[in-house]
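Next up, start-v7.cif (mmCIF, C-alpha atoms):
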```
data_entry
#
loop_
_atom_site.group_PDB
_atom_site.id
_atom_site.type_symbol
_atom_site.label_atom_id
_atom_site.label_comp_id
_atom_site.auth_asym_id
_atom_site.auth_seq_id
_atom_site.Cartn_x
_atom_site.Cartn_y
_atom_site.Cartn_z
ATOM 1 C CA MET V 1478 0.000 0.000 0.000
ATOM 2 C CA LEU V 1479 2.865 2.330 0.760
ATOM 3 C CA THR V 1480 4.444 1.739 -2.630
ATOM 4 C CA GLN V 1481 1.080 2.263 -4.289
ATOM 5 C CA VAL V 1482 0.651 5.644 -2.614
ATOM 6 C CA LEU V 1483 4.174 6.715 -3.579
ATOM 7 C CA PHE V 1484 3.700 5.475 -7.136
ATOM 8 C CA GLY V 1485 0.371 7.303 -7.368
ATOM 9 C CA VAL V 1486 1.935 10.542 -6.162
ATOM 10 C CA ALA V 1487 4.802 10.171 -8.631
ATOM 11 C CA VAL V 1488 2.405 9.602 -11.534
ATOM 12 C CA LEU V 1489 0.250 12.581 -10.566
ATOM 13 C CA LEU V 1490 3.307 14.813 -10.312
ATOM 14 C CA LEU V 1491 4.328 13.569 -13.763
ATOM 15 C CA GLY V 1492 0.895 14.497 -15.119
ATOM 16 C CA CYS V 1493 1.145 18.008 -13.681
ATOM 17 C CA GLY V 1494 4.608 18.421 -15.159
ATOM 18 C CA VAL V 1495 3.443 17.258 -18.572
ATOM 19 C CA PHE V 1496 0.522 19.681 -18.443
ATOM 20 C CA LEU V 1497 2.827 22.559 -17.526
ATOM 21 C CA VAL V 1498 5.275 21.841 -20.329
ATOM 22 C CA LEU V 1499 2.549 21.418 -22.933
ATOM 23 C CA THR V 1500 0.542 24.479 -21.980
ATOM 24 C CA ARG V 1501 2.747 27.241 -20.676
ATOM 25 C CA ARG V 1502 4.273 29.861 -22.925
ATOM 26 C CA ASN V 1503 6.506 31.337 -20.256
ATOM 27 C CA ALA V 1504 9.888 29.630 -20.387
ATOM 28 C CA VAL V 1505 10.301 29.650 -16.604
ATOM 29 C CA MET V 1506 6.932 27.915 -16.144
ATOM 30 C CA ALA V 1507 7.929 25.249 -18.649
ATOM 31 C CA LEU V 1508 11.140 24.777 -16.695
ATOM 32 C CA MET V 1509 9.085 24.243 -13.532
ATOM 33 C CA GLY V 1510 7.165 21.540 -15.374
ATOM 34 C CA VAL V 1511 10.401 19.810 -16.274
ATOM 35 C CA GLU V 1512 11.538 19.952 -12.648
ATOM 36 C CA LEU V 1513 8.251 18.403 -11.544
ATOM 37 C CA MET V 1514 8.682 15.553 -14.017
ATOM 38 C CA LEU V 1515 12.241 14.898 -12.850
ATOM 39 C CA ASN V 1516 11.073 14.821 -9.260
ATOM 40 C CA ALA V 1517 8.306 12.406 -10.142
ATOM 41 C CA ALA V 1518 10.825 10.062 -11.758
ATOM 42 C CA ALA V 1519 13.165 10.208 -8.768
ATOM 43 C CA LEU V 1520 10.326 9.550 -6.317
ATOM 44 C CA ASN V 1521 9.185 6.627 -8.440
ATOM 45 C CA LEU V 1522 12.688 5.125 -8.405
ATOM 46 C CA ALA V 1523 12.935 5.462 -4.644
ATOM 47 C CA ALA V 1524 9.469 3.929 -4.205
ATOM 48 C CA PHE V 1525 10.334 0.895 -6.307
ATOM 49 C CA ASN V 1526 13.595 0.499 -4.448
ATOM 50 C CA ARG V 1527 11.501 -0.022 -1.343
ATOM 51 C CA LEU V 1528 10.413 -3.333 -2.823
ATOM 52 C CA HIS V 1529 14.018 -4.551 -3.093
ATOM 53 C CA PRO V 1530 15.942 -3.043 -0.191
ATOM 54 C CA THR V 1531 18.920 -5.382 -0.528
ATOM 55 C CA ARG V 1532 20.229 -3.256 -3.383
ATOM 56 C CA LEU V 1533 20.318 0.543 -3.372
ATOM 57 C CA ASP V 1534 20.322 0.964 -7.141
ATOM 58 C CA GLY V 1535 16.993 2.778 -7.284
ATOM 59 C CA GLN V 1536 18.010 5.320 -4.685
ATOM 60 C CA GLY V 1537 21.407 5.757 -6.327
ATOM 61 C CA LEU V 1538 19.764 6.468 -9.649
ATOM 62 C CA ALA V 1539 17.425 8.935 -7.932
ATOM 63 C CA LEU V 1540 20.454 10.646 -6.384
ATOM 64 C CA PHE V 1541 22.143 10.950 -9.763
ATOM 65 C CA LEU V 1542 18.894 12.221 -11.201
ATOM 66 C CA ILE V 1543 18.776 15.016 -8.614
ATOM 67 C CA VAL V 1544 22.344 15.995 -9.485
ATOM 68 C CA ILE V 1545 21.583 16.035 -13.191
ATOM 69 C CA ALA V 1546 18.465 18.107 -12.540
ATOM 70 C CA ALA V 1547 20.629 20.658 -10.730
ATOM 71 C CA ALA V 1548 23.002 20.936 -13.699
ATOM 72 C CA GLU V 1549 20.091 21.152 -16.122
ATOM 73 C CA ALA V 1550 18.300 23.860 -14.145
ATOM 74 C CA ALA V 1551 21.388 26.069 -14.075
ATOM 75 C CA VAL V 1552 21.971 25.767 -17.805
ATOM 76 C CA ALA V 1553 18.255 26.179 -18.598
ATOM 77 C CA LEU V 1554 18.062 29.427 -16.641
ATOM 78 C CA ALA V 1555 21.140 30.720 -18.456
ATOM 79 C CA ILE V 1556 19.422 29.856 -21.729
ATOM 80 C CA VAL V 1557 16.258 31.691 -20.614
ATOM 81 C CA LEU V 1558 18.418 34.719 -19.873
ATOM 82 C CA ASN V 1559 19.899 34.551 -23.359
ATOM 83 C CA LEU V 1560 16.406 34.099 -24.797
ATOM 84 C CA TYR V 1561 15.400 37.360 -23.200
ATOM 85 C CA GLU V 1562 18.517 39.140 -24.426
ATOM 86 C CA ARG V 1563 17.825 38.086 -27.996
ATOM 87 C CA TYR V 1564 14.054 38.160 -28.359
ATOM 88 C CA ARG V 1565 13.168 40.654 -25.601
ATOM 89 C CA SER V 1566 10.580 38.257 -24.184
ATOM 90 C CA VAL V 1567 10.420 34.900 -22.433
ATOM 91 C CA ASP V 1568 7.492 33.743 -24.526
ATOM 92 C CA LEU V 1569 8.412 30.421 -26.073
ATOM 93 C CA GLN V 1570 6.399 31.240 -29.183
ATOM 94 C CA ASP V 1571 8.769 34.084 -29.950
ATOM 95 C CA ALA V 1572 11.856 31.900 -30.049
ATOM 96 C CA ASP V 1573 11.338 30.803 -33.619
ATOM 97 C CA ARG V 1574 14.659 31.379 -35.383
ATOM 98 C CA LEU V 1575 17.505 28.915 -35.484
ATOM 99 C CA ARG V 1576 20.342 31.341 -36.103
ATOM 100 C CA GLY V 1577 20.220 34.949 -34.973
ATOM 101 C CA MET A 355 -8.531 5.633 12.415
ATOM 102 C CA PRO A 356 -5.192 4.960 10.734
ATOM 103 C CA SER A 357 -1.980 4.949 12.738
ATOM 104 C CA LEU A 358 0.202 8.033 12.934
ATOM 105 C CA PRO A 359 2.722 6.979 10.249
ATOM 106 C CA GLU A 360 -0.113 6.214 7.834
ATOM 107 C CA LEU A 361 -1.740 9.530 8.612
ATOM 108 C CA LEU A 362 1.520 11.359 7.983
ATOM 109 C CA LEU A 363 1.948 9.474 4.706
ATOM 110 C CA TYR A 364 -1.469 10.552 3.510
ATOM 111 C CA VAL A 365 -0.860 14.124 4.635
ATOM 112 C CA PHE A 366 2.452 14.389 2.762
ATOM 113 C CA ALA A 367 1.073 12.626 -0.299
ATOM 114 C CA SER A 368 -2.048 14.760 -0.611
ATOM 115 C CA LEU A 369 -0.032 17.916 0.090
ATOM 116 C CA ALA A 370 2.423 17.081 -2.675
ATOM 117 C CA VAL A 371 -0.323 16.331 -5.192
ATOM 118 C CA LEU A 372 -2.449 19.357 -4.325
ATOM 119 C CA LEU A 373 0.528 21.700 -4.526
ATOM 120 C CA ALA A 374 1.588 20.243 -7.876
ATOM 121 C CA VAL A 375 -1.921 20.736 -9.258
ATOM 122 C CA ALA A 376 -1.872 24.290 -7.925
ATOM 123 C CA VAL A 377 1.431 24.917 -9.719
ATOM 124 C CA ALA A 378 -0.149 23.659 -12.931
ATOM 125 C CA ALA A 379 -3.248 25.777 -12.459
ATOM 126 C CA THR A 380 -1.883 29.122 -11.361
ATOM 127 C CA ARG A 381 -1.141 31.855 -13.878
ATOM 128 C CA ARG A 382 1.424 33.809 -11.935
ATOM 129 C CA VAL A 383 5.057 32.752 -12.049
ATOM 130 C CA VAL A 384 6.031 33.868 -8.548
ATOM 131 C CA THR A 385 3.124 32.000 -6.980
ATOM 132 C CA ALA A 386 3.997 28.903 -8.986
ATOM 133 C CA ALA A 387 7.621 29.085 -7.844
ATOM 134 C CA PHE A 388 6.679 29.213 -4.161
ATOM 135 C CA LEU A 389 4.096 26.457 -4.551
ATOM 136 C CA LEU A 390 6.722 24.292 -6.228
ATOM 137 C CA PHE A 391 9.016 25.040 -3.285
ATOM 138 C CA ALA A 392 6.431 23.659 -0.866
ATOM 139 C CA CYS A 393 5.634 20.717 -3.152
ATOM 140 C CA LEU A 394 9.262 19.604 -3.269
ATOM 141 C CA PHE A 395 9.458 19.815 0.512
ATOM 142 C CA SER A 396 6.503 17.422 0.704
ATOM 143 C CA VAL A 397 8.202 15.084 -1.750
ATOM 144 C CA ALA A 398 11.228 15.098 0.552
ATOM 145 C CA GLY A 399 8.921 13.936 3.326
ATOM 146 C CA LEU A 400 7.712 11.144 1.056
ATOM 147 C CA TYR A 401 11.257 9.966 0.466
ATOM 148 C CA VAL A 402 11.498 9.129 4.178
ATOM 149 C CA PHE A 403 8.561 6.755 3.802
ATOM 150 C CA ALA A 404 10.369 5.013 0.970
ATOM 151 C CA ALA A 405 13.222 4.167 3.397
ATOM 152 C CA ALA A 406 15.394 6.731 1.582
ATOM 153 C CA GLU A 407 16.405 9.064 4.386
ATOM 154 C CA PHE A 408 19.626 10.104 2.702
ATOM 155 C CA LEU A 409 17.696 10.976 -0.431
ATOM 156 C CA ALA A 410 15.225 13.025 1.601
ATOM 157 C CA VAL A 411 18.006 15.193 2.991
ATOM 158 C CA VAL A 412 19.660 15.451 -0.434
ATOM 159 C CA GLN A 413 16.318 16.534 -1.866
ATOM 160 C CA VAL A 414 16.009 19.322 0.704
ATOM 161 C CA ILE A 415 19.598 20.494 0.376
ATOM 162 C CA VAL A 416 20.125 20.173 -3.364
ATOM 163 C CA TYR A 417 16.709 20.361 -4.942
ATOM 164 C CA VAL A 418 14.840 22.739 -2.656
ATOM 165 C CA GLY A 419 17.820 24.655 -1.311
ATOM 166 C CA GLY A 420 19.713 24.766 -4.591
ATOM 167 C CA ILE A 421 17.571 24.428 -7.655
ATOM 168 C CA LEU A 422 14.413 26.037 -6.328
ATOM 169 C CA VAL A 423 16.341 28.923 -4.781
ATOM 170 C CA LEU A 424 18.043 29.446 -8.146
ATOM 171 C CA LEU A 425 14.651 29.399 -9.830
ATOM 172 C CA LEU A 426 13.240 31.862 -7.285
ATOM 173 C CA PHE A 427 16.211 34.170 -7.801
ATOM 174 C CA GLY A 428 15.637 34.005 -11.539
ATOM 175 C CA VAL A 429 11.923 34.660 -11.189
ATOM 176 C CA MET A 430 12.221 37.510 -8.736
ATOM 177 C CA LEU A 431 15.132 39.231 -10.445
ATOM 178 C CA SER A 432 13.304 39.096 -13.766
ATOM 179 C CA HIS A 433 9.890 40.042 -12.458
ATOM 180 C CA ARG A 434 9.684 42.903 -14.922
ATOM 181 C CA LEU A 435 9.302 40.413 -17.738
ATOM 182 C CA THR A 436 7.054 37.934 -16.071
ATOM 183 C CA LEU A 437 4.633 40.323 -14.369
ATOM 184 C CA GLY A 438 3.562 42.015 -17.558
ATOM 185 C CA SER A 439 5.119 45.450 -17.309
ATOM 186 C CA ASP A 440 6.863 44.517 -20.535
ATOM 187 C CA PRO A 441 4.864 46.194 -23.356
ATOM 188 C CA ARG A 442 4.154 42.808 -24.898
ATOM 189 C CA ALA A 443 2.526 41.256 -21.869
ATOM 190 C CA LEU A 444 2.354 37.482 -21.966
ATOM 191 C CA PRO A 445 -0.977 36.383 -23.391
ATOM 192 C CA GLN A 446 -3.111 34.010 -21.427
ATOM 193 C CA THR A 447 -3.181 30.357 -22.244
ATOM 194 C CA GLN A 448 -6.010 29.641 -24.619
ATOM 195 C CA LEU A 449 -8.670 27.091 -23.894
ATOM 196 C CA THR A 450 -7.972 25.330 -27.179
ATOM 197 C CA GLN A 451 -4.498 24.588 -25.898
ATOM 198 C CA VAL A 452 -5.543 23.617 -22.395
ATOM 199 C CA ILE A 453 -8.041 20.903 -23.345
ATOM 200 C CA PRO A 454 -5.723 18.724 -25.481
ATOM 201 C CA ALA A 455 -2.904 19.112 -22.965
ATOM 202 C CA LEU A 456 -5.236 18.182 -20.118
ATOM 203 C CA ALA A 457 -6.475 15.189 -22.092
ATOM 204 C CA ALA A 458 -2.936 14.048 -22.802
ATOM 205 C CA ALA A 459 -1.925 14.413 -19.165
ATOM 206 C CA LEU A 460 -5.040 12.562 -17.963
ATOM 207 C CA ILE A 461 -4.511 9.726 -20.434
ATOM 208 C CA LEU A 462 -0.895 9.401 -19.337
ATOM 209 C CA VAL A 463 -1.790 9.457 -15.647
ATOM 210 C CA GLY A 464 -4.758 7.126 -16.059
ATOM 211 C CA GLY A 465 -2.805 4.635 -18.135
ATOM 212 C CA LEU A 466 0.116 4.495 -15.736
ATOM 213 C CA LEU A 467 -2.123 4.150 -12.703
ATOM 214 C CA ALA A 468 -4.264 1.485 -14.346
ATOM 215 C CA VAL A 469 -1.223 -0.605 -15.214
ATOM 216 C CA GLY A 470 0.899 0.070 -12.165
ATOM 217 C CA LEU A 471 -1.436 -0.044 -9.192
ATOM 218 C CA PRO A 472 -2.820 -3.585 -9.703
ATOM 219 C CA TRP A 473 0.688 -4.869 -10.390
ATOM 220 C CA LEU A 474 2.022 -3.245 -7.238
ATOM 221 C CA ARG A 475 -0.686 -4.934 -5.198
ATOM 222 C CA THR A 476 0.853 -8.300 -6.128
ATOM 223 C CA GLN A 477 4.342 -7.378 -4.988
ATOM 224 C CA PRO A 478 5.490 -8.434 -1.519
ATOM 225 C CA VAL A 479 6.852 -5.596 0.568
ATOM 226 C CA PRO A 480 9.941 -6.566 2.586
ATOM 227 C CA PRO A 481 10.464 -5.009 6.018
ATOM 228 C CA ALA A 482 12.096 -1.608 6.144
ATOM 229 C CA PRO A 483 15.905 -1.829 6.110
ATOM 230 C CA ASP A 484 18.377 -0.212 8.469
ATOM 231 C CA ALA A 485 20.336 2.966 7.972
ATOM 232 C CA GLN A 486 21.245 3.618 4.372
ATOM 233 C CA VAL A 487 23.938 6.250 4.620
ATOM 234 C CA PRO A 488 26.945 3.963 5.209
ATOM 235 C CA ARG A 489 25.844 1.740 2.337
ATOM 236 C CA PHE A 490 25.408 4.787 0.129
ATOM 237 C CA GLY A 491 28.906 5.962 0.879
ATOM 238 C CA PHE A 492 30.336 2.531 0.207
ATOM 239 C CA LEU A 493 28.484 2.118 -3.079
ATOM 240 C CA LEU A 494 29.400 5.572 -4.321
ATOM 241 C CA LEU A 495 33.064 4.652 -4.136
ATOM 242 C CA THR A 496 32.829 1.078 -5.387
ATOM 243 C CA ASP A 497 29.940 0.120 -7.658
ATOM 244 C CA TRP A 498 28.894 3.597 -8.717
ATOM 245 C CA LEU A 499 32.349 5.095 -8.982
ATOM 246 C CA VAL A 500 32.267 5.722 -12.725
ATOM 247 C CA ALA A 501 28.873 7.417 -12.562
ATOM 248 C CA PHE A 502 30.063 9.478 -9.596
ATOM 249 C CA GLU A 503 33.129 10.745 -11.432
ATOM 250 C CA VAL A 504 31.227 11.376 -14.651
ATOM 251 C CA LEU A 505 28.674 13.392 -12.694
ATOM 252 C CA SER A 506 31.440 15.502 -11.198
ATOM 253 C CA VAL A 507 32.664 16.331 -14.689
ATOM 254 C CA LEU A 508 29.087 17.014 -15.780
ATOM 255 C CA LEU A 509 28.591 19.451 -12.920
ATOM 256 C CA LEU A 510 31.820 21.218 -13.807
ATOM 257 C CA ALA A 511 30.739 21.470 -17.434
ATOM 258 C CA ALA A 512 27.317 22.795 -16.415
ATOM 259 C CA LEU A 513 28.929 25.346 -14.113
ATOM 260 C CA VAL A 514 31.258 26.641 -16.782
ATOM 261 C CA GLY A 515 28.512 26.553 -19.416
ATOM 262 C CA ALA A 516 25.974 28.433 -17.326
ATOM 263 C CA ALA A 517 28.533 31.041 -16.300
ATOM 264 C CA TYR A 518 29.561 31.517 -19.917
ATOM 265 C CA LEU A 519 26.012 31.660 -21.249
ATOM 266 C CA SER A 520 24.922 34.276 -18.731
ATOM 267 C CA ARG A 521 27.898 36.602 -19.099
ATOM 268 C CA ARG A 522 27.438 40.231 -20.020
ATOM 269 C CA PRO A 523 28.230 40.869 -23.684
ATOM 270 C CA PRO A 524 31.643 42.557 -23.671
ATOM 271 C CA ALA A 525 31.635 46.262 -24.635
ATOM 272 C CA GLN A 526 33.605 46.931 -27.788
ATOM 273 C CA PRO A 527 36.698 49.061 -27.259
ATOM 274 C CA ARG A 528 36.520 52.586 -28.683
ATOM 275 C CA ALA A 529 38.750 53.162 -31.685
ATOM 276 C CA VAL A 530 41.164 56.052 -31.328
ATOM 277 C CA GLY A 531 40.134 59.111 -33.358
ATOM 278 C CA ARG A 532 36.477 58.339 -33.848
ATOM 279 C CA SER A 533 34.078 61.127 -33.026
ATOM 280 C CA ALA A 534 30.986 59.049 -32.285
ATOM 281 C CA PRO A 535 31.365 56.453 -29.505
ATOM 282 C CA GLN A 536 30.754 52.891 -30.573
ATOM 283 C CA GLU A 537 27.794 51.073 -29.156
ATOM 284 C CA SER A 538 28.299 47.991 -27.079
ATOM 285 C CA VAL A 539 26.978 44.748 -28.524
ATOM 286 C CA SER A 540 23.279 45.341 -29.072
ATOM 287 C CA PRO A 541 20.635 42.627 -29.099
ATOM 288 C CA GLU A 542 18.983 41.430 -32.255
ATOM 289 C CA PRO A 543 16.329 43.863 -33.487
ATOM 290 C CA PHE A 544 12.890 42.534 -32.766
ATOM 291 C CA LEU A 545 10.979 40.779 -35.519
ATOM 292 C CA PRO A 546 8.856 43.161 -37.583
#
```
Taking this structure as input, can you express it in the form of structure tokens?
Amino acid sequence: MLTQVLFGVAVLLLGCGVFLVLTRRNAVMALMGVELMLNAAALNLAAFNRLHPTRLDGQGLALFLIVIAAAEAAVALAIVLNLYERYRSVDLQDADRLRG
Amino acid sequence: MPSLPELLLYVFASLAVLLAVAVAATRRVVTAAFLLFACLFSVAGLYVFAAAEFLAVVQVIVYVGGILVLLLFGVMLSHRLTLGSDPRALPQTQLTQVIPALAAALILVGGLLAVGLPWLRTQPVPPAPDAQVPRFGFLLLTDWLVAFEVLSVLLLAALVGAAYLSRRPPAQPRAVGRSAPQESVSPEPFLP
């Protein structure tokens, strides 16, 4: 029952993240959706590791996932900054040219 | 009346889900950032129930205290853009975009829950293990050593990349003898 609750929470967080990424035009809101999805995946890994506690592979993968999310968030915010410098807005619909 | 650990589990779980739905529903960026802050704290509480105490603390320190603080800094330092004082204020999300996205999210969630929950009911749950931190430390330096080192290099690359990407464009030096001062690097003119 515990794993079911954790799995359910992870899936619902994933759904919210997907909705945010698909719907939002603000780049920072889309980034929040991505962070929610990454968190959902990490929570799911930790929950499934609860079923096999002899090995810590699920928790290790969740740990690496958190680290990768940190690196990705820093670079994504730098990209959002550059997006604003170039297009004068953070609307994702305005970023429509490949080479400035 | 469920026992106290069960009650706490339900409290953390419902808090996390409600806050995530609130993040998805709100229109304001600052509100969404703070709601996400609280949501990730609740997820850290849920990690404890998964016998992942080390991960819970890492979540609070790295995710909430690092990533979310960075996000909040970004949101609050750029509030001019996101709060609509920019002349081209961000248009609202249209209903024609919300309904397909909501349908996609609901299909994804429903499908995963329909497949996963009955399967999880069949799995035996072993008793909760002892402290994880010594095992984590041991595994990081033995089985997971390559991933550990690669992640260190990845973090260094991300650090250098983010610092480079967010640098100020360097001002061009003024040529000797020119009457008009040269402009510093100007951004791309906006699309007509």
| request: Would you write out, as number ranges by chain, every residue that the PyMOL selection byres ((chain V and resi 1486) around 8) captures in this file? | output: V: 1482-1485, 1487-1490, 1517; A: 367, 370-371
| query | For chain A, which residue among V:Ala1548, V:Leu1569, V:Leu1575, V:Met1514 is the nearest when counting only C-alpha atoms? | reply |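 Result for the nearest residue to chain A: V:Ala1548.
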| message | Distance cut-off 6 Å, counting only C-alpha atoms - which residues of chain V neighbour chain A? Return them as a PyMOL selection string. | response | chain V and resi 1481+1488+1492-1493+1496-1497+1499+1524+1527-1528+1547-1548+1552+1555+1563
| query | Out of V:Val1498, V:Leu1560, V:Val1505, V:Ala1539, which residue has the shortest atom-to-atom distance to Asn1521 of chain V when counting only C-alpha atoms? | reply | V:Ala1539
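Summary of the local environment: counting only C-alpha atoms, residues at most 7 Å from Asn1526 of chain V, other than itself and those fewer than 5 positions away along its chain, are V:Leu1533, V:Gly1535, V:Gln1536.
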| request: Give as a ChimeraX atom specification the residues that the PyMOL selection byres ((chain V and resi 1572) around 12) matches when applied to the coordinates above. | output: /V:1502-1504,1556-1557,1559-1571,1573-1577 /A:544-545
| task | Using the chain letters and residue numbers of this document, give as a list in words the residues selected by the PyMOL selection byres ((chain V and resi 1542) around 10). | result |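 For this structure, the PyMOL selection byres ((chain V and resi 1542) around 10) resolves to Leu1515, Asn1516, Ala1518, Ala1519, Leu1522, Gln1536, Gly1537, Leu1538, Ala1539, Leu1540, Phe1541, Ile1543, Val1544, Ile1545, Ala1546, Ala1547 and Ala1548 of chain V; Leu505 of chain A.
Straight-line separation from atom CA of Phe395 of chain A to atom CA of Val487 of chain A: 20.3 Å.
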| said: Calculated over all atoms listed in the file, which of the candidates A:Thr496, A:Thr476, A:Leu362, A:Gly491 has the smallest distance to Met1478 of chain V? | reply: A:Thr476
| request: Go ahead and compute the interatomic distance for atom CA of Val469 of chain A and atom CA of Leu1491 of chain V, in Å to one decimal. | output: 15.3 Å
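The space between atom CA of Arg522 of chain A and atom CA of Gly419 of chain A spans 26.2 Å.
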| query | Taking only C-alpha atoms into account, which of V:Phe1525, V:Pro1530, V:Leu1554, V:Glu1549 comes nearest Ala485 of chain A? | reply |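 Of V:Phe1525, V:Pro1530, V:Leu1554, V:Glu1549, the one nearest Ala485 of chain A, counting only C-alpha atoms, is V:Pro1530.
The nearest approach to Thr450 of chain A among the residues V:Glu1512, V:Thr1500, V:Thr1531, V:Ala1553, with all atoms listed in the file taken into account, belongs to V:Thr1500.
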